[in-house]
file upload.txt (compact mmCIF, C-alpha atoms)
# COMPACT_ATOMS: atom_id res chain seq x y z
CA MET B 1 101.70 41.17 92.40
CA ARG B 2 101.48 41.62 88.64
CA GLU B 3 105.15 40.59 88.38
CA ALA B 4 104.11 37.01 89.23
CA GLY B 5 102.80 36.38 85.70
CA PRO B 6 105.91 37.34 83.73
CA TRP B 7 108.11 35.59 86.29
CA ALA B 8 106.21 32.31 85.93
CA ALA B 9 106.12 32.62 82.11
CA SER B 10 109.89 32.96 82.05
CA HIS B 11 110.19 29.51 83.64
CA GLY B 12 107.41 27.47 82.03
CA ARG B 13 103.74 27.21 81.28
CA ARG B 14 102.19 25.63 84.39
CA ALA B 15 102.31 26.95 87.96
CA ALA B 16 101.42 25.16 91.19
CA VAL B 17 100.12 27.89 93.50
CA LEU B 18 100.02 27.25 97.24
CA LEU B 19 97.63 29.36 99.32
CA GLY B 20 96.40 29.19 102.89
CA PRO B 21 93.00 27.71 103.78
CA SER B 22 89.84 29.25 102.33
CA GLY B 23 88.50 32.46 103.84
CA ALA B 24 90.10 35.64 105.19
CA GLY B 25 90.21 37.26 101.75
CA ARG B 26 92.23 34.48 100.11
CA GLU B 27 89.64 34.01 97.38
CA GLY B 28 90.50 37.51 96.17
CA LEU B 29 94.18 36.61 96.22
CA GLN B 30 93.50 33.47 94.20
CA GLY B 31 91.48 35.44 91.67
CA THR B 32 94.23 38.01 91.25
CA LEU B 33 96.90 35.37 90.78
CA ALA B 34 94.74 33.42 88.36
CA GLN B 35 94.26 36.57 86.26
CA VAL B 36 97.90 37.68 86.15
CA LEU B 37 99.07 34.16 85.34
CA GLU B 38 96.47 33.71 82.60
CA GLU B 39 97.46 37.05 81.06
CA SER B 40 101.03 35.74 80.82
CA GLY B 41 99.94 32.45 79.26
CA VAL B 42 100.53 30.37 82.38
CA GLU B 43 98.09 27.70 83.54
CA ALA B 44 97.55 27.79 87.31
CA ARG B 45 96.74 24.86 89.59
CA PHE B 46 95.76 25.98 93.10
CA PHE B 47 96.42 24.02 96.28
CA ARG B 48 95.26 24.90 99.79
CA THR B 49 97.55 24.33 102.75
CA ALA B 50 96.43 23.58 106.30
CA GLY B 51 95.68 26.45 108.67
CA ARG B 52 98.71 25.64 110.84
CA GLU B 53 102.42 24.97 110.53
CA PRO B 54 103.01 22.34 107.81
CA THR B 55 103.88 18.79 108.75
CA VAL B 56 106.13 16.40 106.89
CA ASN B 57 102.99 14.53 105.82
CA ASP B 58 101.42 17.72 104.45
CA VAL B 59 104.34 18.58 102.21
CA ASP B 60 104.81 14.99 101.03
CA ALA B 61 101.19 14.91 99.87
CA LEU B 62 101.44 18.33 98.22
CA ALA B 63 104.66 17.38 96.44
CA THR B 64 102.94 14.31 95.01
CA ASP B 65 100.11 16.48 93.70
CA VAL B 66 102.50 19.05 92.23
CA ARG B 67 104.47 16.34 90.41
CA ALA B 68 101.22 14.85 89.11
CA CYS B 69 100.01 18.14 87.64
CA GLY B 70 103.29 18.67 85.78
CA ALA B 71 104.05 22.06 87.28
CA ASP B 72 107.09 23.95 86.03
CA VAL B 73 107.13 26.41 88.94
CA VAL B 74 105.82 26.78 92.49
CA ILE B 75 104.27 30.00 93.81
CA SER B 76 103.54 30.26 97.53
CA ALA B 77 101.38 33.19 98.61
CA GLY B 78 100.59 33.43 102.29
CA GLY B 79 102.13 33.55 105.72
CA GLY B 80 105.29 31.83 106.86
CA SER B 81 103.67 28.40 107.02
CA VAL B 82 102.51 28.61 103.40
CA MET B 83 105.93 29.77 102.20
CA ASP B 84 107.71 27.07 104.24
CA ALA B 85 105.42 24.53 102.62
CA GLY B 86 106.22 26.05 99.23
CA LYS B 87 109.96 25.73 99.79
CA ALA B 88 109.67 22.11 100.86
CA VAL B 89 107.26 21.22 98.05
CA ALA B 90 109.45 22.84 95.39
CA ALA B 91 112.35 20.70 96.58
CA LEU B 92 110.45 17.45 97.15
CA ALA B 93 108.74 17.66 93.75
CA THR B 94 112.12 16.99 92.12
CA ALA B 95 113.84 15.06 94.91
CA GLY B 96 111.65 11.97 94.77
CA ALA B 97 112.00 11.23 98.50
CA ALA B 98 110.04 12.00 101.66
CA ALA B 99 110.47 15.17 103.71
CA LEU B 100 111.58 13.25 106.79
CA ASP B 101 114.63 12.02 104.85
CA TYR B 102 115.92 15.61 104.69
CA LEU B 103 114.88 16.88 108.11
CA GLU B 104 117.82 17.93 110.28
CA GLY B 105 118.28 16.22 113.60
CA THR B 106 115.52 13.65 113.19
CA GLY B 107 115.71 11.86 109.81
CA PRO B 108 118.55 10.06 108.03
CA GLY B 109 120.09 13.41 107.07
CA ARG B 110 119.97 13.20 103.28
CA THR B 111 120.99 16.27 101.30
CA LEU B 112 119.17 17.66 98.28
CA GLU B 113 120.90 16.59 95.09
CA ARG B 114 118.49 17.89 92.44
CA PRO B 115 117.58 21.56 91.97
CA PRO B 116 114.07 22.36 93.23
CA LEU B 117 111.39 23.75 90.96
CA PRO B 118 111.74 27.53 90.61
CA HIS B 119 109.88 29.07 93.56
CA LEU B 120 108.28 32.50 93.92
CA ALA B 121 107.39 33.51 97.51
CA VAL B 122 104.76 36.17 98.15
CA PRO B 123 104.30 37.01 101.86
CA THR B 124 100.84 38.10 103.00
CA THR B 125 101.96 38.57 106.61
CA ALA B 126 104.87 40.62 107.91
CA GLY B 127 106.69 38.34 110.31
CA THR B 128 108.76 35.35 109.36
CA GLY B 129 111.07 36.54 106.61
CA THR B 130 111.05 32.98 105.31
CA GLU B 131 110.90 34.34 101.76
CA VAL B 132 114.67 34.90 102.00
CA THR B 133 115.85 31.98 104.15
CA ARG B 134 117.27 28.58 103.27
CA ASN B 135 115.15 26.43 105.57
CA ALA B 136 111.59 25.15 105.68
CA VAL B 137 110.24 24.51 109.17
CA LEU B 138 108.10 21.36 109.39
CA ALA B 139 106.33 19.63 112.26
CA VAL B 140 106.67 15.89 112.83
CA PRO B 141 103.31 14.35 113.84
CA GLY B 142 103.43 12.13 116.89
CA ARG B 143 106.73 13.57 118.11
CA ARG B 144 105.56 17.07 119.13
CA ILE B 145 108.58 18.71 117.53
CA LYS B 146 109.35 20.81 114.50
CA ARG B 147 112.62 20.78 112.63
CA SER B 148 114.01 22.24 109.40
CA MET B 149 114.75 21.06 105.95
CA ARG B 150 117.84 23.12 105.29
CA SER B 151 119.73 23.78 102.09
CA PRO B 152 120.91 26.81 100.10
CA GLN B 153 118.72 25.45 97.31
CA LEU B 154 115.60 26.12 99.39
CA VAL B 155 115.95 29.91 99.15
CA PRO B 156 113.10 31.04 96.85
CA GLU B 157 114.37 32.28 93.52
CA THR B 158 112.27 35.45 93.80
CA ALA B 159 110.15 37.18 96.45
CA ILE B 160 107.50 39.85 95.91
CA LEU B 161 106.89 42.21 98.84
CA ASP B 162 103.58 43.96 98.21
CA PRO B 163 102.19 45.91 101.19
CA GLU B 164 98.70 45.91 99.68
CA LEU B 165 98.57 42.15 100.28
CA VAL B 166 99.07 42.68 104.02
CA MET B 167 96.46 45.38 104.55
CA SER B 168 93.62 42.92 105.24
CA LEU B 169 95.58 41.10 107.95
CA PRO B 170 93.54 41.22 111.19
CA PRO B 171 95.01 43.06 114.20
CA ALA B 172 95.77 39.91 116.20
CA GLN B 173 97.75 38.40 113.33
CA THR B 174 99.42 41.74 112.67
CA ALA B 175 100.58 41.77 116.28
CA ALA B 176 101.79 38.16 116.33
CA SER B 177 103.62 38.32 113.01
CA GLY B 178 105.14 41.68 113.87
CA MET B 179 106.44 40.41 117.20
CA ASP B 180 107.91 37.38 115.41
CA ALA B 181 109.87 39.73 113.15
CA LEU B 182 110.96 41.91 116.08
CA THR B 183 112.07 38.86 118.06
CA GLN B 184 114.11 37.60 115.10
CA LEU B 185 115.76 40.99 114.71
CA VAL B 186 116.60 41.28 118.40
CA GLU B 187 117.87 37.72 118.75
CA SER B 188 120.06 37.96 115.66
CA CYS B 189 121.67 41.07 117.18
CA VAL B 190 122.69 39.29 120.39
CA SER B 191 123.25 35.74 119.13
CA ARG B 192 126.63 34.14 119.76
CA LYS B 193 126.75 33.76 115.96
CA ALA B 194 126.06 37.46 115.33
CA GLN B 195 127.87 39.07 112.40
CA PRO B 196 128.52 42.80 111.75
CA ILE B 197 126.66 43.30 108.45
CA PRO B 198 123.52 41.37 109.48
CA GLY B 199 123.72 43.27 112.78
CA ALA B 200 123.50 46.59 110.97
CA LEU B 201 120.55 45.34 108.91
CA ALA B 202 118.86 44.07 112.07
CA LEU B 203 119.08 47.48 113.73
CA LEU B 204 117.46 49.02 110.64
CA GLY B 205 114.67 46.45 110.91
CA VAL B 206 114.25 47.20 114.62
CA GLU B 207 113.92 50.91 113.80
CA LEU B 208 111.25 50.15 111.18
CA ALA B 209 109.33 48.00 113.67
CA GLY B 210 109.66 50.66 116.36
CA ARG B 211 107.95 53.26 114.24
CA SER B 212 105.39 51.05 112.47
CA LEU B 213 104.40 47.93 114.43
CA LEU B 214 101.81 49.68 116.59
CA SER B 215 100.69 51.84 113.68
CA SER B 216 99.99 48.81 111.50
CA TYR B 217 98.18 47.13 114.41
CA ARG B 218 95.99 50.16 115.09
CA ASP B 219 95.28 51.01 111.43
CA GLY B 220 95.66 48.17 108.97
CA SER B 221 95.07 50.56 106.05
CA ASN B 222 98.26 52.50 106.82
CA LEU B 223 100.20 51.55 103.70
CA GLN B 224 103.51 53.04 104.86
CA ALA B 225 103.35 51.15 108.16
CA ARG B 226 102.53 47.92 106.31
CA GLU B 227 105.48 48.47 103.97
CA ASP B 228 107.80 49.16 106.89
CA MET B 229 106.79 45.93 108.61
CA LEU B 230 107.17 43.88 105.41
CA LEU B 231 110.70 45.24 105.07
CA ALA B 232 111.43 44.62 108.77
CA ALA B 233 110.26 41.02 108.40
CA CYS B 234 112.32 40.47 105.26
CA LEU B 235 115.40 41.91 106.99
CA SER B 236 114.76 39.63 109.96
CA GLY B 237 114.93 36.63 107.65
CA MET B 238 118.22 37.81 106.15
CA CYS B 239 119.65 38.41 109.62
CA LEU B 240 118.62 35.13 111.23
CA ALA B 241 119.96 33.23 108.22
CA ASN B 242 123.40 34.68 108.86
CA SER B 243 123.49 35.28 112.62
CA GLY B 244 121.16 32.72 114.15
CA LEU B 245 118.55 33.16 116.86
CA GLY B 246 118.26 32.29 120.54
CA LEU B 247 116.18 31.36 123.55
CA ALA B 248 112.80 32.74 122.48
CA HIS B 249 112.80 30.87 119.18
CA GLY B 250 114.24 27.75 120.75
CA LEU B 251 111.39 27.54 123.26
CA ALA B 252 108.78 28.61 120.68
CA ALA B 253 109.80 25.65 118.52
CA ALA B 254 108.72 23.33 121.33
CA LEU B 255 105.38 25.07 121.92
CA GLY B 256 103.80 25.21 118.46
CA PRO B 257 103.64 21.51 117.51
CA ALA B 258 102.66 20.34 120.99
CA TYR B 259 100.01 22.90 121.96
CA GLY B 260 99.01 24.69 118.78
CA ILE B 261 100.33 28.04 119.97
CA PRO B 262 100.91 30.26 116.92
CA HIS B 263 104.62 30.81 116.42
CA GLY B 264 104.51 34.61 116.48
CA LEU B 265 102.45 34.64 119.67
CA ALA B 266 104.87 32.25 121.34
CA CYS B 267 107.79 34.51 120.35
CA ALA B 268 105.99 37.56 121.74
CA ILE B 269 105.53 35.85 125.11
CA LEU B 270 109.10 34.58 125.20
CA LEU B 271 110.98 37.69 124.03
CA PRO B 272 110.87 39.37 127.49
CA VAL B 273 112.20 36.15 129.05
CA SER B 274 115.01 36.04 126.51
CA VAL B 275 116.08 39.63 127.20
CA ARG B 276 115.95 39.12 130.97
CA VAL B 277 118.09 35.98 130.80
CA ASN B 278 120.64 37.22 128.28
CA ARG B 279 121.13 40.87 129.17
CA VAL B 280 124.00 40.06 131.54
CA ALA B 281 125.99 38.71 128.58
CA ARG B 282 124.91 41.20 125.91
CA THR B 283 124.19 44.54 127.58
CA PRO B 284 125.92 46.67 124.89
CA SER B 285 124.11 44.84 122.07
CA TYR B 286 120.72 45.17 123.75
CA ALA B 287 121.47 48.86 124.37
CA ARG B 288 121.93 49.41 120.62
CA VAL B 289 118.63 47.60 120.01
CA ALA B 290 116.93 49.91 122.53
CA GLU B 291 118.31 53.01 120.80
CA SER B 292 117.01 51.78 117.43
CA LEU B 293 113.60 50.67 118.71
CA LEU B 294 112.95 53.83 120.72
CA ARG B 295 114.92 56.13 118.42
CA ARG B 296 116.69 57.97 121.23
CA SER B 297 119.86 57.76 123.32
CA PHE B 298 120.28 56.78 126.98
CA PRO B 299 122.64 57.83 129.77
CA ASN B 300 124.19 54.34 130.01
CA PRO B 301 123.76 50.83 128.58
CA GLU B 302 121.93 49.48 131.63
CA ALA B 303 119.34 52.23 131.41
CA ALA B 304 118.89 51.45 127.72
CA VAL B 305 118.23 47.76 128.37
CA ASP B 306 115.77 48.67 131.14
CA ALA B 307 113.95 50.87 128.63
CA LEU B 308 113.98 48.02 126.09
CA GLU B 309 112.31 45.67 128.56
CA ASP B 310 109.72 48.33 129.38
CA GLU B 311 109.02 48.99 125.69
CA ILE B 312 108.52 45.30 124.90
CA ALA B 313 106.10 45.06 127.83
CA ARG B 314 104.25 48.14 126.52
CA LEU B 315 103.97 46.68 123.03
CA LEU B 316 102.48 43.46 124.39
CA SER B 317 100.01 45.40 126.54
CA GLU B 318 98.99 47.80 123.75
CA MET B 319 98.33 44.87 121.40
CA GLY B 320 96.48 42.78 123.98
CA MET B 321 99.01 39.95 124.02
CA PRO B 322 99.53 37.63 127.02
CA ARG B 323 102.66 37.76 129.16
CA ASP B 324 102.74 34.06 130.00
CA LEU B 325 101.49 30.63 128.92
CA LYS B 326 98.97 30.08 131.69
CA GLY B 327 95.96 30.36 129.38
CA PHE B 328 97.01 27.54 127.07
CA GLY B 329 96.35 24.57 129.35
CA ILE B 330 99.91 23.25 129.37
CA PRO B 331 100.31 20.56 132.08
CA PRO B 332 103.32 21.27 134.32
CA GLY B 333 104.27 17.62 133.85
CA ASP B 334 105.03 18.37 130.19
CA VAL B 335 107.73 20.90 131.03
CA PRO B 336 110.72 18.49 130.98
CA GLU B 337 109.77 17.30 127.48
CA MET B 338 109.32 20.92 126.33
CA ALA B 339 112.78 21.77 127.64
CA ARG B 340 114.30 18.84 125.73
CA ASN B 341 112.43 19.69 122.53
CA SER B 342 113.69 23.28 122.61
CA ARG B 343 117.25 22.18 121.86
CA GLY B 344 117.26 22.79 118.13
CA SER B 345 119.37 25.07 115.99
CA SER B 346 117.78 28.26 117.37
CA LEU B 347 118.81 27.65 120.96
CA SER B 348 122.38 26.93 119.88
CA GLY B 349 122.78 30.65 119.15
CA ASN B 350 121.70 31.83 122.59
CA PRO B 351 124.44 33.92 124.21
CA VAL B 352 123.96 32.27 127.62
CA GLU B 353 124.37 28.49 127.88
CA LEU B 354 121.35 27.07 129.70
CA THR B 355 121.04 23.67 131.34
CA ASP B 356 117.91 21.53 131.10
CA GLY B 357 117.21 22.46 134.70
CA GLU B 358 117.37 26.18 133.94
CA LEU B 359 115.08 25.76 130.93
CA ASP B 360 112.72 23.77 133.14
CA THR B 361 112.62 26.60 135.70
CA LEU B 362 111.97 29.24 133.04
CA LEU B 363 109.10 27.25 131.55
CA ARG B 364 107.49 26.42 134.89
CA ALA B 365 107.32 30.13 135.71
CA LEU B 366 105.39 30.68 132.46
CA VAL B 367 102.91 27.78 132.63
call {"tool": "encode", "arguments": {"input": "upload.txt", "output": "structure tokens"}}
result
Amino acid sequence: MREAGPWAASHGRRAAVLLGPSGAGREGLQGTLAQVLEESGVEARFFRTAGREPTVNDVDALATDVRACGADVVISAGGGSVMDAGKAVAALATAGAAALDYLEGTGPGRTLERPPLPHLAVPTTAGTGTEVTRNAVLAVPGRRIKRSMRSPQLVPETAILDPELVMSLPPAQTAASGMDALTQLVESCVSRKAQPIPGALALLGVELAGRSLLSSYRDGSNLQAREDMLLAACLSGMCLANSGLGLAHGLAAALGPAYGIPHGLACAILLPVSVRVNRVARTPSYARVAESLLRRSFPNPEAAVDALEDEIARLLSEMGMPRDLKGFGIPPGDVPEMARNSRGSSLSGNPVELTDGELDTLLRALV
């Protein structure tokens, strides 16, 4: 974390620092950042984000505040939502337009023309990998959808992965963020857009998650497990940026804005569905995932995929995570809209083409 001060000083003298809402140890994080920035001669202005995925309205308001304070750099320290907000704010602070203007598939489709403010991303969860991706996921109030601002310019200039910042993460959030990372790794391996080099990195990330996800859940003070999961999450961001995602993330994108289901939890529930639907088209790829996750070989690919499904189910059970959406009060009448809203960029990478009717059937079995 101490690297944040010299980094900011190399770009200017005033930093806009985005943190999550008050509580959960964030005051200590603010104090540490304030000290390291002051020691480097950088004035810090702190801004709190909402305790949920950012909306276009949130980042528009934050960008206005960041411009007004004359910040030279943006630092986002928090989970994926905070870092997504940081990416959008860094861009909007120089763009001079509203977030909706740049949102893919829903706004007028403008592209960023001015370089964003330099952005340092500091993850305090191990899940999204957004510190190395080129999109910022934003919700659109009133439309129950979330979409991405997307540009190579949105990739943070620098990321700091410090496992000590993740050690205070509660078990439930450790589980949800870890399953988000695992889902991203698995889906990038089997996506129709999958590429060889990201595939190799994804299998490394799967191996790290296989040996450390439960360990970090059971003992948050296990520094090696925390470091493994931070690396797995970062690799998942690199992989999804190059190979895409699939069904689990496509459906999760429709659940968060409409029903407030945390993204990682939604991915955890949907990963078994994704494997069950897609295994017919990607058995060899899923078999390699199974070998990496369980760190052993199998007599044949089908046996490996069976073991993968069993291991995912075991992980969910061990970490007390639900297997369906029945506890979230989703009206069955909402299912057709959910199916339509799932058709974003993530679903386009799914190896099996699914009709609206098939998505409807999958969702009805979960709600």
call {"tool": "closest_atom_pairs", "arguments": {"input": "upload.txt", "of": "stretch 147-262 of chain B", "to": "stretch 52-55 of chain B", "cutoff": "9 Å", "atoms": "all atoms listed in the file", "output": "JSON lines"}}
result
{"residue": "B:Gly256", "atom": "CA", "partner": "B:Glu53", "partner_atom": "CA", "distance": 8.1}
{"residue": "B:Pro257", "atom": "CA", "partner": "B:Glu53", "partner_atom": "CA", "distance": 7.9}
{"residue": "B:Gly260", "atom": "CA", "partner": "B:Arg52", "partner_atom": "CA", "distance": 8.0}
{"residue": "B:Pro262", "atom": "CA", "partner": "B:Arg52", "partner_atom": "CA", "distance": 7.9}
call {"tool": "atom_distance", "arguments": {"input": "upload.txt", "atom1": "atom CA of B:Glu131", "atom2": "atom CA of B:Ser348"}}
result
22.7 Å
call {"tool": "closest_residue", "arguments": {"input": "upload.txt", "among": "B:Ala241, B:Val277, B:Met167, B:Ala16", "to": "B:Gln224", "atoms": "all atoms listed in the file"}}
result
B:Met167
call {"tool": "closest_residue", "arguments": {"input": "upload.txt", "among": "B:Glu318, B:Cys239, B:Ala281, B:Arg67", "to": "B:Thr94", "atoms": "only C-alpha atoms"}}
result
B:Arg67
call {"tool": "atom_distance", "arguments": {"input": "upload.txt", "atom1": "atom CA of B:Leu316", "atom2": "atom CA of B:Arg276"}}
result
15.6 Å
